[in-house]
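S.K.: Can you read through this structure? Questions will come right after.
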Amino acid sequence: MYSRSKASASPYLIWMVLFTVLPLALVVYFAFTDQAGNPTLSNITALGGYAMVFVLSLALAAIATALCLVIAYPVSYLLSRLRAGQQGILLMLVMLPMWMNFLLRTYAWMSLLERNGLINRFLGLFGIGPFEMINTNGAIVLGMVYNFLPYMILPLYNAMLKIDKNVIEAAEDLGAGTLYKFSRVVLPLSKPGIRTGLIMVFVPSVSTFIISKMLGGGDTWLIGDLIEAQFLGNTYNYNLGSAMSLVLMVVVLLIMSVMGGFDSEDMEGVI
């Protein structure tokens, strides 16, 4: 029986080795070698010159993640309290933008935010503007929030769906007010979804490069842009790019561990 289960697990083991372990090993190897294949720490030490890019990337990703949480929390709670049929319709509306190509969604925001875009034209009807909304850090954060908001809504919704209505009613029967009921009942029971949503939004936000390139106008460089430039740009240096990727991965893993992202209980909110 043991040998049969071991044999059935072998395809997954091969998959993990080929597409997870081997790529990570290559990243580590190139990060600590030069282009001649000699061991070196110069790639890691060279990252000090890009410290501000790392800080900006982490800051914008943190802001976008916080905004997603603020928007998604009440939406998810309201969704979880609706009837089953209504939940299905509204969840479809939440997921509908995800059916469209990522680049097309971002291009749409470019046309909305540009100086002669629809938003400035609408504001111009009231004698307001035009405002410089495109090619700013605010536009980048907006793009992150729009594209990754469903990743926050879904785990929060799933966690809140598991909150028994009888528990909330019991708190009300015991005289709990709205604020007390939220802080002592709803919020603690929704923490697994919060932690999962934070991770699912923060990780793609901190490593994005398409959003910053299209909505930031190429003037604002994030860590994702730097990594892409090392592999596809004129500064082709895959050793330095591997070092950047490795350091970014370590930073993200540290943040995930701080948030308790490795606890199986906290991952209950994943759909």
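Following the order of the structure tokens, first chain is A, next is B, and so on, with residues numbered from 1 inside each chain and ligands from 1 in the order they appear.
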Which residues are near Met200 in chain A? Cut-off 9 Å, only C-alpha atoms, ignore same chain within fewer than 3 positions. Put them as an NGL selection string.
M.R.: :A and (148 or 151-152 or 195-197 or 203-205)
S.K.: Run DSSP on the backbone and give me the residues of range 35-256 of chain A it puts in alpha helix (DSSP H), as a ChimeraX atom specification.
M.R.: /A:42-45,51-81,84-95,102-113,118-124,137-161,165-173,178-181,187-189,191-207,210-215,223-232,238-256
S.K.: For Leu79 in chain A, work out the shell of residues within 8 Å, counting only C-alpha atoms and skipping chain neighbours fewer than 5 positions away, then give it as a list in words.
M.R.: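 So the residues in contact are Gln87, Leu90, Leu91 and Tyr157 of chain A.
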S.K.: Give me the residues near range 240-242 of chain A as a ChimeraX atom specification, where near means some atom within 7 Å (using only C-alpha atoms) and where sequence neighbours in that chain fewer than 4 positions away do not count.
M.R.: /A:27,30-31,43,227,230-231,246
S.K.: Go ahead and compute the interatomic distance for CA of Pro150 in chain A and CA of Leu60 in chain A, in Å to one decimal.
M.R.: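 Computed distance, CA of Pro150 in chain A to CA of Leu60 in chain A, equals 18.1 Å.
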S.K.: When distances are computed from only C-alpha atoms, which of A:Ser257, A:Glu169, A:Leu248, A:Arg83 shows the smallest separation from Lys181 in chain A?
M.R.: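 Nearest candidate to Lys181 in chain A out of A:Ser257, A:Glu169, A:Leu248, A:Arg83: A:Glu169.
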S.K.: As an MDAnalysis selection string, please: the residues near Phe102 in chain A (cut-off 12 Å, only C-alpha atoms, same-chain neighbours under 3 positions excluded).
M.R.: chainID A and resid 97:99 105:109 143:144 146:148 208 210:211 214
S.K.: I'd like the neighbourhood of Thr220 in chain A as a compact mmCIF listing (two decimals) with N, CA and C atoms, in the first residue's frame, where a residue qualifies if any of its atoms comes within 12 Å (using only C-alpha atoms), though same-chain residues fewer than 6 positions away should be ignored.
M.R.:
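Saved file selection04.txt follows:
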# COMPACT_ATOMS: atom_id res chain seq x y z
N MET A 52 16.32 52.36 -2.81
CA MET A 52 15.14 53.22 -2.87
C MET A 52 14.06 52.62 -3.78
N VAL A 53 14.47 51.88 -4.79
CA VAL A 53 13.50 51.22 -5.66
C VAL A 53 12.77 50.14 -4.87
N PHE A 54 13.50 49.39 -4.06
CA PHE A 54 12.89 48.38 -3.21
C PHE A 54 11.92 49.03 -2.23
N LEU A 56 10.36 51.95 -2.49
CA LEU A 56 9.19 52.47 -3.19
C LEU A 56 8.24 51.34 -3.58
N SER A 57 8.79 50.23 -4.05
CA SER A 57 7.96 49.09 -4.43
C SER A 57 7.18 48.56 -3.24
N LEU A 60 4.40 51.28 -2.18
CA LEU A 60 3.23 51.32 -3.06
C LEU A 60 2.41 50.04 -2.94
N ILE A 134 -2.30 60.58 -14.91
CA ILE A 134 -1.48 59.51 -15.47
C ILE A 134 -0.01 59.78 -15.17
N ASN A 135 0.81 58.75 -15.20
CA ASN A 135 2.26 58.85 -14.95
C ASN A 135 2.57 59.35 -13.54
N THR A 136 1.79 58.89 -12.58
CA THR A 136 2.01 59.24 -11.17
C THR A 136 1.98 57.98 -10.32
N ASN A 137 2.49 58.11 -9.10
CA ASN A 137 2.42 56.97 -8.17
C ASN A 137 0.97 56.63 -7.82
N GLY A 138 0.12 57.66 -7.79
CA GLY A 138 -1.29 57.41 -7.52
C GLY A 138 -1.94 56.55 -8.58
N ALA A 139 -1.56 56.79 -9.85
CA ALA A 139 -2.11 55.98 -10.94
C ALA A 139 -1.64 54.53 -10.82
N ILE A 140 -0.40 54.34 -10.38
CA ILE A 140 0.13 52.98 -10.21
C ILE A 140 -0.64 52.25 -9.11
N VAL A 141 -0.87 52.94 -7.99
CA VAL A 141 -1.62 52.34 -6.89
C VAL A 141 -3.05 52.02 -7.34
N PHE A 209 5.25 44.85 -12.95
CA PHE A 209 6.03 45.77 -13.78
C PHE A 209 5.18 46.34 -14.92
N ILE A 210 4.13 45.63 -15.31
CA ILE A 210 3.27 46.13 -16.39
C ILE A 210 2.51 47.38 -15.93
N ILE A 211 1.97 47.34 -14.72
CA ILE A 211 1.18 48.47 -14.23
C ILE A 211 2.04 49.72 -14.10
N SER A 212 3.23 49.56 -13.52
CA SER A 212 4.10 50.72 -13.34
C SER A 212 4.59 51.26 -14.68
N LYS A 213 4.79 50.38 -15.64
CA LYS A 213 5.27 50.82 -16.95
C LYS A 213 4.19 51.57 -17.71
N MET A 214 2.94 51.09 -17.63
CA MET A 214 1.86 51.69 -18.42
C MET A 214 1.22 52.89 -17.73
N LEU A 226 12.96 46.69 -12.76
CA LEU A 226 14.40 46.46 -12.74
C LEU A 226 14.73 45.02 -13.13
S.K.: So, counting only C-alpha atoms, which residue among A:Val55, A:Val201, A:Met244, A:Met100 is closest to Glu228 in chain A?
M.R.: A:Met244
S.K.: What does the distance between CA of Thr65 in chain A and CA of Ile199 in chain A come to in Å, to one decimal place?
M.R.: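 Interatomic distance, CA of Thr65 in chain A to CA of Ile199 in chain A: 8.7 Å.
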S.K.: One decimal, Å: what's the distance from CA of Asp219 in chain A over to CA of Val206 in chain A, could you say?
M.R.: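 CA of Val206 in chain A lies 16.9 Å from CA of Asp219 in chain A.
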S.K.: Check the smallest atom-to-atom distance from each of A:Ala9, A:Val94, A:Leu125, A:Val17 to Ala72 in chain A using only C-alpha atoms, then report the winner.
M.R.: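 Nearest candidate to Ala72 in chain A out of A:Ala9, A:Val94, A:Leu125, A:Val17: A:Val94.
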S.K.: My list of candidates is A:Met259, A:Ala243, A:Ala176, A:Ile163. Which is closest to Tyr50 in chain A when distances are computed with only C-alpha atoms?
M.R.: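 Nearest to Tyr50 in chain A: A:Ala243.
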S.K.: Give the answer as one residue: which of A:Tyr12, A:Phe202, A:Phe131, A:Phe19 has the shortest atom-to-atom distance to Leu118 in chain A, using only C-alpha atoms?
M.R.: A:Phe131
